[in-house]
file entry_25.cif (mmCIF, C-alpha atoms)
data_coords
loop_
_atom_site.label_atom_id
_atom_site.label_comp_id
_atom_site.auth_asym_id
_atom_site.auth_seq_id
_atom_site.Cartn_x
_atom_site.Cartn_y
_atom_site.Cartn_z
CA MET A 978 0.00 0.00 0.00
CA THR A 979 1.33 3.44 -0.93
CA GLN A 980 1.55 6.08 1.79
CA TRP A 981 1.80 9.85 1.62
CA SER A 982 1.99 12.62 4.22
CA ASN A 983 2.39 16.36 4.01
CA TRP A 984 5.45 18.29 5.22
CA SER A 985 4.24 18.71 8.79
CA GLY A 986 3.06 15.10 9.07
CA SER A 987 -0.51 16.05 10.05
CA VAL A 988 -2.18 15.05 6.75
CA ARG A 989 -1.85 11.42 5.67
CA SER A 990 -3.45 9.28 3.01
CA ALA A 991 -3.08 5.99 1.16
CA PRO A 992 -3.37 6.77 -2.56
CA ALA A 993 -4.12 3.88 -4.88
CA GLN A 994 -1.25 5.14 -7.05
CA ILE A 995 1.48 7.77 -6.83
CA ALA A 996 2.78 8.74 -10.28
CA ARG A 997 5.50 11.03 -11.61
CA PRO A 998 4.76 11.31 -15.36
CA ARG A 999 7.55 12.43 -17.65
CA THR A 1000 5.55 13.38 -20.74
CA GLU A 1001 2.31 15.23 -21.28
CA ALA A 1002 0.90 12.21 -23.12
CA GLU A 1003 1.64 9.99 -20.12
CA LEU A 1004 -0.03 12.53 -17.86
CA GLN A 1005 -3.10 12.64 -20.09
CA ASP A 1006 -3.43 8.84 -19.98
CA LEU A 1007 -3.10 8.80 -16.20
CA VAL A 1008 -5.76 11.46 -15.69
CA ARG A 1009 -8.11 9.95 -18.26
CA GLY A 1010 -7.98 6.54 -16.60
CA ALA A 1011 -8.37 7.64 -12.97
CA ASP A 1012 -11.56 8.05 -10.96
CA LYS A 1013 -10.04 10.50 -8.50
CA VAL A 1014 -6.99 12.74 -8.99
CA ARG A 1015 -5.06 15.14 -6.80
CA VAL A 1016 -1.69 16.76 -7.44
CA VAL A 1017 1.06 17.34 -4.88
CA GLY A 1018 4.25 19.39 -4.84
CA ALA A 1019 6.23 19.70 -1.62
CA GLY A 1020 3.23 18.99 0.61
CA HIS A 1021 3.46 22.41 2.24
CA SER A 1022 -0.32 22.78 2.54
CA PHE A 1023 -1.54 22.12 6.06
CA THR A 1024 -5.13 21.62 4.97
CA PRO A 1025 -5.90 18.24 3.31
CA LEU A 1026 -5.85 19.61 -0.22
CA CYS A 1027 -3.72 16.75 -1.57
CA GLN A 1028 -5.32 13.93 0.39
CA THR A 1029 -6.72 11.17 -1.84
CA ASP A 1030 -7.34 7.46 -2.07
CA GLY A 1031 -7.10 7.69 -5.84
CA LEU A 1032 -4.28 8.91 -8.09
CA LEU A 1033 -1.74 11.29 -6.57
CA LEU A 1034 0.37 13.08 -9.17
CA ASN A 1035 3.74 14.81 -8.81
CA LEU A 1036 4.77 16.86 -11.87
CA GLU A 1037 8.36 17.63 -10.90
CA ASP A 1038 9.73 15.33 -13.64
CA LEU A 1039 7.30 16.43 -16.36
CA GLU A 1040 9.01 17.52 -19.57
CA GLY A 1041 9.23 21.25 -20.26
CA GLU A 1042 11.46 24.30 -20.09
CA ILE A 1043 10.96 27.99 -19.46
CA GLU A 1044 9.80 29.87 -22.57
CA VAL A 1045 10.48 33.63 -22.58
CA ALA A 1046 7.93 35.88 -24.31
CA ALA A 1047 9.16 38.18 -27.08
CA ASP A 1048 8.53 41.26 -24.93
CA ARG A 1049 10.44 39.66 -22.01
CA GLN A 1050 7.63 40.66 -19.65
CA THR A 1051 6.33 37.13 -19.08
CA VAL A 1052 7.52 33.54 -19.25
CA LEU A 1053 5.72 30.25 -19.75
CA ALA A 1054 6.98 28.07 -16.90
CA PRO A 1055 6.55 24.39 -16.00
CA ALA A 1056 3.95 24.42 -13.23
CA GLY A 1057 5.34 21.35 -11.50
CA TRP A 1058 8.74 22.89 -10.85
CA SER A 1059 9.54 23.94 -7.31
CA LEU A 1060 9.96 27.64 -6.70
CA LYS A 1061 13.57 26.87 -5.78
CA ARG A 1062 14.22 25.32 -9.18
CA LEU A 1063 12.18 27.91 -11.05
CA THR A 1064 13.74 31.01 -9.50
CA LYS A 1065 17.31 29.76 -10.05
CA ALA A 1066 16.49 29.01 -13.70
CA LEU A 1067 14.90 32.44 -14.10
CA TRP A 1068 17.98 34.10 -12.62
CA ASP A 1069 20.18 32.31 -15.14
CA LEU A 1070 17.96 33.76 -17.89
CA GLY A 1071 18.15 37.28 -16.40
CA PHE A 1072 14.83 37.38 -14.52
CA SER A 1073 13.35 37.35 -11.02
CA LEU A 1074 9.85 36.83 -9.71
CA PRO A 1075 8.17 40.05 -8.54
CA ASN A 1076 7.78 38.50 -5.10
CA GLN A 1077 8.26 35.27 -3.17
CA GLY A 1078 7.17 33.82 0.12
CA ASP A 1079 9.20 32.76 3.11
CA VAL A 1080 10.12 29.29 1.78
CA ASN A 1081 10.68 27.93 -1.71
CA PRO A 1082 10.13 24.14 -1.93
CA GLN A 1083 6.49 24.51 -3.08
CA SER A 1084 5.58 23.85 -6.69
CA LEU A 1085 4.61 26.82 -8.84
CA ALA A 1086 1.17 25.27 -9.41
CA GLY A 1087 0.63 24.77 -5.69
CA ALA A 1088 1.67 28.31 -4.84
CA ILE A 1089 -0.64 29.76 -7.49
CA GLY A 1090 -3.51 27.41 -6.72
CA THR A 1091 -3.61 28.32 -3.01
CA GLY A 1092 -2.91 32.06 -3.31
CA THR A 1093 0.49 31.85 -1.63
CA HIS A 1094 1.99 35.28 -1.03
CA GLY A 1095 5.08 37.00 0.25
CA THR A 1096 5.18 40.36 1.91
CA GLY A 1097 5.01 43.90 0.58
CA ARG A 1098 2.59 46.76 0.96
CA ASP A 1099 1.96 46.97 -2.79
CA LEU A 1100 2.62 43.36 -3.85
CA GLY A 1101 -0.02 40.68 -4.34
CA SER A 1102 0.08 36.90 -4.17
CA LEU A 1103 1.72 34.72 -6.82
CA SER A 1104 -1.76 34.15 -8.23
CA THR A 1105 -1.91 37.80 -9.26
CA ILE A 1106 1.07 37.54 -11.63
CA THR A 1107 -0.51 34.79 -13.77
CA ARG A 1108 -1.49 35.54 -17.36
CA GLY A 1109 -2.43 32.13 -18.76
CA PHE A 1110 -2.43 28.36 -18.22
CA ARG A 1111 -2.03 25.05 -19.98
CA THR A 1112 -4.12 22.39 -18.22
CA VAL A 1113 -4.88 18.70 -18.56
CA MET A 1114 -8.61 18.37 -18.07
CA ALA A 1115 -10.67 15.61 -16.47
CA ASP A 1116 -11.17 13.76 -19.77
CA GLY A 1117 -7.44 13.87 -20.56
CA SER A 1118 -7.70 16.65 -23.11
CA VAL A 1119 -5.49 19.74 -22.98
CA ALA A 1120 -6.91 23.24 -22.63
CA GLU A 1121 -5.20 26.62 -22.82
CA CYS A 1122 -6.79 29.68 -21.29
CA ASP A 1123 -6.08 33.32 -20.60
CA ALA A 1124 -8.05 36.53 -20.24
CA THR A 1125 -9.48 36.16 -23.77
CA ARG A 1126 -9.49 32.37 -24.35
CA ASP A 1127 -12.02 30.80 -21.97
CA PRO A 1128 -11.74 33.66 -19.47
CA ASP A 1129 -13.93 31.90 -16.87
CA LEU A 1130 -11.55 28.95 -16.73
CA PHE A 1131 -8.62 31.37 -16.56
CA HIS A 1132 -10.07 33.31 -13.65
CA ALA A 1133 -10.93 30.09 -11.83
CA GLN A 1134 -7.45 28.64 -12.37
CA ARG A 1135 -5.76 31.70 -10.87
CA LEU A 1136 -6.80 30.39 -7.43
CA SER A 1137 -8.58 27.07 -7.94
CA LEU A 1138 -7.25 24.73 -5.19
CA GLY A 1139 -6.68 22.21 -8.00
CA LEU A 1140 -10.42 21.89 -8.73
CA CYS A 1141 -10.31 22.66 -12.46
CA GLY A 1142 -7.67 20.33 -13.87
CA VAL A 1143 -3.96 19.58 -13.71
CA MET A 1144 -1.97 22.75 -14.37
CA THR A 1145 1.11 21.87 -16.45
CA LYS A 1146 2.30 25.34 -17.49
CA ALA A 1147 1.65 28.85 -16.25
CA ARG A 1148 2.41 32.13 -17.96
CA ILE A 1149 3.67 34.47 -15.25
CA GLU A 1150 4.97 38.02 -15.06
CA VAL A 1151 8.69 38.45 -14.39
CA LEU A 1152 11.06 41.33 -13.71
CA PRO A 1153 14.65 41.90 -14.79
CA ALA A 1154 16.87 40.06 -12.32
CA TYR A 1155 17.46 42.10 -9.15
CA ARG A 1156 19.31 41.85 -5.86
CA LEU A 1157 17.94 42.38 -2.40
CA GLU A 1158 19.41 43.74 0.79
CA GLU A 1159 18.13 41.94 3.86
CA ARG A 1160 18.28 43.25 7.41
CA ILE A 1161 17.11 41.29 10.43
CA GLU A 1162 17.24 42.92 13.85
CA LYS A 1163 15.56 42.90 17.24
CA ARG A 1164 13.29 45.75 18.24
CA PRO A 1165 11.07 46.36 21.28
CA LEU A 1166 7.59 45.08 20.48
CA ASP A 1167 5.93 48.37 21.38
CA TRP A 1168 8.29 50.14 18.97
CA VAL A 1169 7.32 47.72 16.20
CA TYR A 1170 3.61 48.28 16.83
CA ALA A 1171 4.14 52.04 16.65
CA ASN A 1172 6.41 52.05 13.60
CA PHE A 1173 5.33 49.18 11.36
CA ASP A 1174 3.39 51.46 9.01
CA ASP A 1175 6.54 53.49 8.39
CA LEU A 1176 8.65 50.34 7.94
CA ALA A 1177 6.23 48.96 5.37
CA ALA A 1178 6.15 52.28 3.52
CA SER A 1179 9.94 52.71 3.39
CA HIS A 1180 10.90 49.15 2.37
CA ARG A 1181 9.66 47.03 -0.52
CA HIS A 1182 9.20 44.19 1.98
CA ALA A 1183 8.75 44.44 5.75
CA GLU A 1184 7.53 41.90 8.29
CA PHE A 1185 8.13 40.87 11.86
CA PHE A 1186 8.08 37.77 14.03
CA VAL A 1187 7.05 37.85 17.68
CA PHE A 1188 7.02 35.10 20.29
CA PRO A 1189 3.85 35.43 22.38
CA TYR A 1190 5.80 35.66 25.67
CA ALA A 1191 8.57 37.98 24.45
CA ASN A 1192 8.63 41.77 24.62
CA GLU A 1193 10.85 42.10 21.57
CA ALA A 1194 10.21 41.24 17.94
CA ILE A 1195 12.43 40.14 15.07
CA VAL A 1196 12.04 42.69 12.27
CA LYS A 1197 12.92 41.67 8.72
CA THR A 1198 13.18 44.11 5.81
CA LEU A 1199 14.14 43.52 2.18
CA HIS A 1200 14.88 46.20 -0.36
CA PRO A 1201 16.25 46.15 -3.94
CA THR A 1202 19.84 47.26 -4.21
CA GLU A 1203 22.62 47.67 -6.76
CA ALA A 1204 25.29 46.89 -4.15
CA GLU A 1205 27.61 43.92 -4.45
CA ASP A 1206 26.74 40.58 -2.90
CA THR A 1207 27.98 39.98 0.64
CA PRO A 1208 29.61 36.71 1.68
CA ARG A 1209 27.22 34.07 2.94
CA ALA A 1210 26.25 35.35 6.36
CA LYS A 1211 26.68 33.56 9.66
CA ARG A 1212 24.68 34.69 12.65
CA GLY A 1213 27.05 34.78 15.58
CA GLY A 1214 28.31 31.24 14.98
CA LEU A 1215 25.20 29.77 16.60
CA ASP A 1216 22.97 27.10 15.08
CA GLU A 1217 19.76 28.95 15.85
CA GLU A 1218 17.55 26.25 14.28
CA ALA A 1219 19.07 23.62 16.59
CA ILE A 1220 18.64 25.91 19.62
CA PHE A 1221 15.05 26.58 18.61
CA LYS A 1222 14.20 22.89 18.24
CA PHE A 1223 15.74 22.16 21.65
CA CYS A 1224 13.60 24.89 23.20
CA CYS A 1225 10.47 23.54 21.46
CA ASP A 1226 11.15 20.05 22.79
CA LEU A 1227 11.76 21.45 26.27
CA SER A 1228 8.52 23.46 26.14
CA ARG A 1229 6.68 20.33 25.08
CA ALA A 1230 8.02 18.47 28.10
CA ALA A 1231 7.60 21.38 30.53
CA PRO A 1232 5.01 23.89 29.22
CA ALA A 1233 5.65 26.27 32.13
CA LEU A 1234 9.08 26.98 30.64
CA THR A 1235 7.65 28.34 27.37
CA GLY A 1236 7.85 32.00 28.37
CA PRO A 1237 11.37 31.94 29.87
CA LEU A 1238 12.66 29.94 26.90
CA GLN A 1239 11.23 32.44 24.42
CA ARG A 1240 12.89 35.32 26.21
CA PHE A 1241 16.14 33.32 26.21
CA MET A 1242 15.85 32.75 22.45
CA MET A 1243 15.35 36.44 21.86
CA ARG A 1244 18.53 37.20 23.82
CA ALA A 1245 20.37 34.62 21.68
CA THR A 1246 19.08 36.08 18.40
CA SER A 1247 21.74 38.01 16.54
CA PRO A 1248 21.27 40.58 13.75
CA LEU A 1249 21.81 39.69 10.13
CA HIS A 1250 22.72 41.77 7.10
CA ARG A 1251 23.23 40.29 3.66
CA ILE A 1252 22.93 41.16 -0.04
CA GLY A 1253 22.39 38.73 -2.86
CA PRO A 1254 20.21 37.60 -5.77
CA ALA A 1255 16.53 37.90 -4.99
CA TYR A 1256 15.94 34.17 -5.41
CA ARG A 1257 18.49 33.45 -2.66
CA ILE A 1258 17.46 36.22 -0.26
CA PHE A 1259 13.68 35.71 -0.27
CA PRO A 1260 13.53 32.18 1.21
CA SER A 1261 14.48 31.29 4.76
CA SER A 1262 15.51 27.99 6.30
CA ARG A 1263 12.55 26.36 8.04
CA ASN A 1264 13.68 22.95 9.30
CA VAL A 1265 11.76 22.70 12.57
CA ARG A 1266 8.38 21.24 11.64
CA PHE A 1267 5.24 23.13 12.60
CA GLU A 1268 1.53 23.40 11.97
CA GLU A 1269 0.13 26.72 10.76
CA MET A 1270 -3.04 28.77 10.62
CA GLU A 1271 -2.95 32.06 8.71
CA TYR A 1272 -5.63 34.70 8.52
CA GLU A 1273 -5.76 37.69 6.17
CA LEU A 1274 -7.48 40.72 7.68
CA PRO A 1275 -8.40 44.23 6.58
CA ARG A 1276 -5.16 46.14 6.94
CA ALA A 1277 -6.32 48.43 9.74
CA ALA A 1278 -7.49 45.44 11.78
CA GLY A 1279 -4.20 43.54 11.61
CA LEU A 1280 -2.15 44.89 14.50
CA PRO A 1281 -5.10 45.13 16.93
CA ALA A 1282 -5.97 41.48 16.20
CA LEU A 1283 -2.38 40.41 16.76
CA ARG A 1284 -2.28 42.27 20.09
CA GLU A 1285 -5.51 40.56 21.13
CA ALA A 1286 -4.23 37.09 20.18
CA ILE A 1287 -0.99 37.57 22.11
CA GLY A 1288 -2.87 38.91 25.12
CA TRP A 1289 -5.22 35.89 25.03
CA ILE A 1290 -2.29 33.44 24.94
CA ARG A 1291 -0.60 35.17 27.88
CA LYS A 1292 -3.78 35.32 29.92
CA GLN A 1293 -4.50 31.64 29.33
CA ARG A 1294 -0.81 30.72 29.76
CA LEU A 1295 -0.92 28.59 26.62
CA PRO A 1296 2.25 26.77 25.50
CA VAL A 1297 2.57 28.34 22.04
CA THR A 1298 6.18 27.68 21.12
CA PHE A 1299 6.46 29.32 17.69
CA PRO A 1300 6.34 33.04 16.88
CA PHE A 1301 3.57 34.84 15.06
CA GLU A 1302 4.47 36.25 11.65
CA PHE A 1303 2.95 39.60 10.64
CA ARG A 1304 3.10 41.14 7.16
CA TRP A 1305 1.13 43.08 4.59
CA ALA A 1306 -0.03 42.14 1.07
CA ALA A 1307 -1.87 44.02 -1.64
CA GLY A 1308 -5.50 43.49 -2.59
CA ASP A 1309 -6.60 41.64 -5.73
CA ASP A 1310 -9.67 40.62 -7.75
CA LEU A 1311 -9.51 36.81 -7.50
CA TRP A 1312 -12.81 35.05 -6.89
CA ILE A 1313 -11.87 33.24 -3.66
CA SER A 1314 -8.84 35.25 -2.58
CA PRO A 1315 -8.86 36.48 1.03
CA PHE A 1316 -7.40 39.74 -0.33
CA ASN A 1317 -10.17 40.40 -2.88
CA ARG A 1318 -11.80 43.17 -0.83
CA GLY A 1319 -8.67 45.31 -0.57
CA ASP A 1320 -5.19 45.58 0.90
CA GLY A 1321 -4.66 43.24 3.80
CA ALA A 1322 -2.62 42.31 6.83
CA SER A 1323 -1.53 38.71 7.27
CA ILE A 1324 -1.17 36.97 10.65
CA SER A 1325 0.42 33.52 10.68
CA MET A 1326 0.03 31.50 13.86
CA HIS A 1327 2.24 28.44 14.30
CA GLN A 1328 2.54 25.54 16.70
CA TYR A 1329 5.33 22.98 17.00
CA ALA A 1330 4.32 19.89 15.03
CA GLU A 1331 5.00 17.64 18.03
CA MET A 1332 2.46 19.49 20.19
CA PRO A 1333 -1.37 19.64 20.02
CA TRP A 1334 -2.45 22.29 17.55
CA GLU A 1335 -6.14 21.81 16.72
CA PRO A 1336 -7.68 22.94 20.06
CA LEU A 1337 -5.35 25.95 20.02
CA PHE A 1338 -6.25 26.99 16.47
CA ARG A 1339 -9.97 26.40 16.99
CA ALA A 1340 -9.89 28.64 20.06
CA ALA A 1341 -7.84 31.36 18.33
CA GLU A 1342 -9.78 31.44 15.07
CA PRO A 1343 -12.72 33.50 16.44
CA ILE A 1344 -10.29 36.33 17.28
CA PHE A 1345 -9.27 36.64 13.63
CA ARG A 1346 -12.77 36.00 12.30
CA ALA A 1347 -14.21 38.74 14.52
CA ALA A 1348 -11.68 41.17 13.05
CA GLY A 1349 -12.91 40.43 9.52
CA GLY A 1350 -10.28 37.81 8.75
CA ARG A 1351 -10.41 35.13 6.08
CA PRO A 1352 -8.01 32.16 6.01
CA HIS A 1353 -5.22 31.27 3.64
CA TRP A 1354 -6.51 28.21 1.79
CA GLY A 1355 -3.35 26.18 2.38
CA LYS A 1356 -3.26 26.83 6.12
CA ARG A 1357 -5.46 25.34 8.85
CA HIS A 1358 -9.02 26.63 9.04
CA PHE A 1359 -12.40 25.26 10.09
CA LEU A 1360 -14.76 26.87 7.58
CA SER A 1361 -18.09 25.37 6.60
CA ARG A 1362 -19.61 25.67 3.14
CA ALA A 1363 -22.05 28.30 4.41
CA GLU A 1364 -19.15 30.34 5.80
CA VAL A 1365 -17.29 30.07 2.48
CA ASP A 1366 -20.35 31.45 0.68
CA GLN A 1367 -20.74 34.23 3.23
CA MET A 1368 -17.09 35.25 2.91
CA TYR A 1369 -16.87 34.80 -0.86
CA PRO A 1370 -19.93 35.87 -2.86
CA GLN A 1371 -18.12 34.74 -6.02
CA ALA A 1372 -17.40 31.21 -4.76
CA GLU A 1373 -20.31 29.93 -6.84
CA ARG A 1374 -18.55 31.15 -9.99
CA LEU A 1375 -15.68 28.77 -9.20
CA ARG A 1376 -18.19 25.97 -8.60
CA GLU A 1377 -19.86 26.68 -11.94
CA VAL A 1378 -16.55 26.36 -13.78
CA ARG A 1379 -15.69 23.24 -11.81
CA ARG A 1380 -19.01 21.60 -12.71
CA ARG A 1381 -18.50 22.46 -16.39
CA VAL A 1382 -14.97 21.12 -16.71
CA ASP A 1383 -15.23 18.26 -14.19
CA PRO A 1384 -18.88 17.16 -13.94
CA ALA A 1385 -17.99 13.83 -12.29
CA GLY A 1386 -15.90 15.50 -9.57
CA LYS A 1387 -12.65 13.76 -10.49
CA PHE A 1388 -10.56 16.50 -8.85
CA LEU A 1389 -12.59 16.67 -5.64
CA ASN A 1390 -11.55 15.01 -2.40
CA SER A 1391 -13.65 14.85 0.77
CA HIS A 1392 -12.29 18.14 2.14
CA LEU A 1393 -12.94 20.06 -1.05
CA ALA A 1394 -16.28 18.34 -1.69
CA GLU A 1395 -17.57 19.71 1.61
CA LEU A 1396 -16.81 23.24 0.43
CA PHE A 1397 -17.07 23.23 -3.37
CA SER A 1398 -19.03 20.21 -4.65
#

call {"tool": "encode", "arguments": {"input": "entry_25.cif", "output": "structure tokens"}}
result
Amino acid sequence: MTQWSNWSGSVRSAPAQIARPRTEAELQDLVRGADKVRVVGAGHSFTPLCQTDGLLLNLEDLEGEIEVAADRQTVLAPAGWSLKRLTKALWDLGFSLPNQGDVNPQSLAGAIGTGTHGTGRDLGSLSTITRGFRTVMADGSVAECDATRDPDLFHAQRLSLGLCGVMTKARIEVLPAYRLEERIEKRPLDWVYANFDDLAASHRHAEFFVFPYANEAIVKTLHPTEAEDTPRAKRGGLDEEAIFKFCCDLSRAAPALTGPLQRFMMRATSPLHRIGPAYRIFPSSRNVRFEEMEYELPRAAGLPALREAIGWIRKQRLPVTFPFEFRWAAGDDLWISPFNRGDGASISMHQYAEMPWEPLFRAAEPIFRAAGGRPHWGKRHFLSRAEVDQMYPQAERLREVRRRVDPAGKFLNSHLAELFS
């Protein structure tokens, strides 16, 4: 029996078949002959988007190369490539993505299909830079779509959760290759609350991380630069990931130590300054496994909701071992995007993968919902179908496209059927 689990280990399934097709024809045959199909990249979704007892596809080995448009404004990219592979290949061709998230093992298709985003006051998710798709449909045929060719399928595919076919290529916007200057430093939390608006306005990218029991935050800014690359940076000679994992394990064994350990980790955190190619500077190392819930809120509601969540954790003395991540992203017009009503603030809440997470997230979710928040589709949430329809008046448009292109529900699994069948 085949087994599959996501990156955090919280989602598991036993697919009837796991396949890594090499040619489009092979992929078409696999999809045509299957009753149920889901596609997986790095398994970085915490919701059960990839869970299936049918055919589980990985497109990393699928034939294809990057094709640069004549105007050099867009490229047609293999959708199964990881962002790590894609961004290095783009750099070699003289391009960079307009934005990236905090890690880069995800597939391009997965990042687009879930609305994955980075940070930046005026920058949207990766879904917003898409201009067209090539897709293997439920019957094994191939369809191409963009804003003029089957525009409904195009708009659905821009954030589809894999409901409308197997994306094999995506036309995406690119920029001339650029370098970034990264600065990471500690700041008093009250200072960060008071000055984040200015930080976000004066840097292309600004975000911060705050442990719930610490009174300082880790502030990270990125800004384009023409300066020369710096040597690969070392942060005080300490293996901070190893220290962090040790503290997480200790907190798991002795929850009362969570607060003191977080303040210790903040004292051990050293500043970082580096310059390099954008594709190398954007991603961070995330080796300690966690579970995550992320809510996108109206921008003005972001910091007050974060304050409330931290205050609730402290009052309840909850053993939350990971920091919150706070950032901004631009609004968009995607049918089921949590940013489709305007510019937003993003709050990511994490818990160590070896500790209970569901009761914590269920208890915290009302704080973000009350502030007008809507969840990232790839991160833990507990929405019902009625709540999806309330939050997203255009959700039925996605369902209409899904019913047209996949009337038998080949690309549905139980999680998605509850919300979009």

call {"tool": "closest_atom_pairs", "arguments": {"input": "entry_25.cif", "of": "segment 1090-1176 of chain A", "to": "segment 1340-1355 of chain A", "cutoff": "8 Å", "atoms": "only C-alpha atoms", "output": "CSV"}}
result
residue,atom,partner,partner_atom,distance
A:Thr1091,CA,A:Trp1354,CA,5.6
A:Gly1092,CA,A:Trp1354,CA,7.3
A:Thr1093,CA,A:His1353,CA,7.8
A:Leu1138,CA,A:Trp1354,CA,7.8

call {"tool": "atom_distance", "arguments": {"input": "entry_25.cif", "atom1": "atom CA of Ala1011 of chain A", "atom2": "atom CA of Gly1057 of chain A"}}
result
19.4 Å

call {"tool": "atom_distance", "arguments": {"input": "entry_25.cif", "atom1": "atom CA of His1392 of chain A", "atom2": "atom CA of Ser1314 of chain A"}}
result
18.1 Å

call {"tool": "residues_near_point", "arguments": {"input": "entry_25.cif", "point": "(-4.6, 20.7, -25.7)", "cutoff": "12 Å", "atoms": "only C-alpha atoms", "output": "list in words"}}
result
Glu1001, Ala1002, Gln1005, Phe1110, Arg1111, Thr1112, Val1113, Met1114, Asp1116, Gly1117, Ser1118, Val1119, Ala1120, Glu1121, Cys1122, Met1144, Thr1145 and Lys1146 of chain A

call {"tool": "resolve_selection", "arguments": {"input": "entry_25.cif", "expression": "the PyMOL selection byres ((chain A and resi 1019) around 9)", "output": "mmCIF file with C-alpha atoms, in the frame of the given file"}}
result
data_model
loop_
_atom_site.group_PDB
_atom_site.id
_atom_site.type_symbol
_atom_site.label_atom_id
_atom_site.label_comp_id
_atom_site.auth_asym_id
_atom_site.auth_seq_id
_atom_site.Cartn_x
_atom_site.Cartn_y
_atom_site.Cartn_z
ATOM 1 C CA ASN A 983 2.390 16.360 4.010
ATOM 2 C CA TRP A 984 5.450 18.290 5.220
ATOM 3 C CA VAL A 1017 1.060 17.340 -4.880
ATOM 4 C CA GLY A 1018 4.250 19.390 -4.840
ATOM 5 C CA GLY A 1020 3.230 18.990 0.610
ATOM 6 C CA HIS A 1021 3.460 22.410 2.240
ATOM 7 C CA SER A 1022 -0.320 22.780 2.540
ATOM 8 C CA SER A 1059 9.540 23.940 -7.310
ATOM 9 C CA PRO A 1082 10.130 24.140 -1.930
ATOM 10 C CA GLN A 1083 6.490 24.510 -3.080
ATOM 11 C CA SER A 1084 5.580 23.850 -6.690
ATOM 12 C CA GLY A 1087 0.630 24.770 -5.690
#

call {"tool": "residues_around", "arguments": {"input": "entry_25.cif", "residues": "Tyr1155 of chain A", "least_positions_apart": "6", "cutoff": "9 Å", "atoms": "all atoms listed in the file", "output": "number ranges by chain"}}
result
A: 1068, 1071-1073, 1201-1203, 1253-1256

call {"tool": "resolve_selection", "arguments": {"input": "entry_25.cif", "expression": "the PyMOL selection byres ((chain A and resi 1296) around 7)", "output": "list in words"}}
result
Pro1232, Thr1235, Arg1294, Leu1295, Val1297 and Thr1298 of chain A

call {"tool": "residues_around", "arguments": {"input": "entry_25.cif", "residues": "Phe1188 of chain A", "least_positions_apart": "2", "cutoff": "6 Å", "atoms": "only C-alpha atoms", "output": "list in words"}}
result
Tyr1190, Ala1191 and Pro1300 of chain A

call {"tool": "atom_distance", "arguments": {"input": "entry_25.cif", "atom1": "atom CA of Pro1025 of chain A", "atom2": "atom CA of Leu1396 of chain A"}}
result
12.3 Å

call {"tool": "resolve_selection", "arguments": {"input": "entry_25.cif", "expression": "the PyMOL selection byres ((chain A and resi 1052) around 12)", "output": "PyMOL selection string"}}
result
chain A and resi 1042-1051+1053-1056+1063-1064+1066-1067+1070-1074+1106-1110+1146-1153
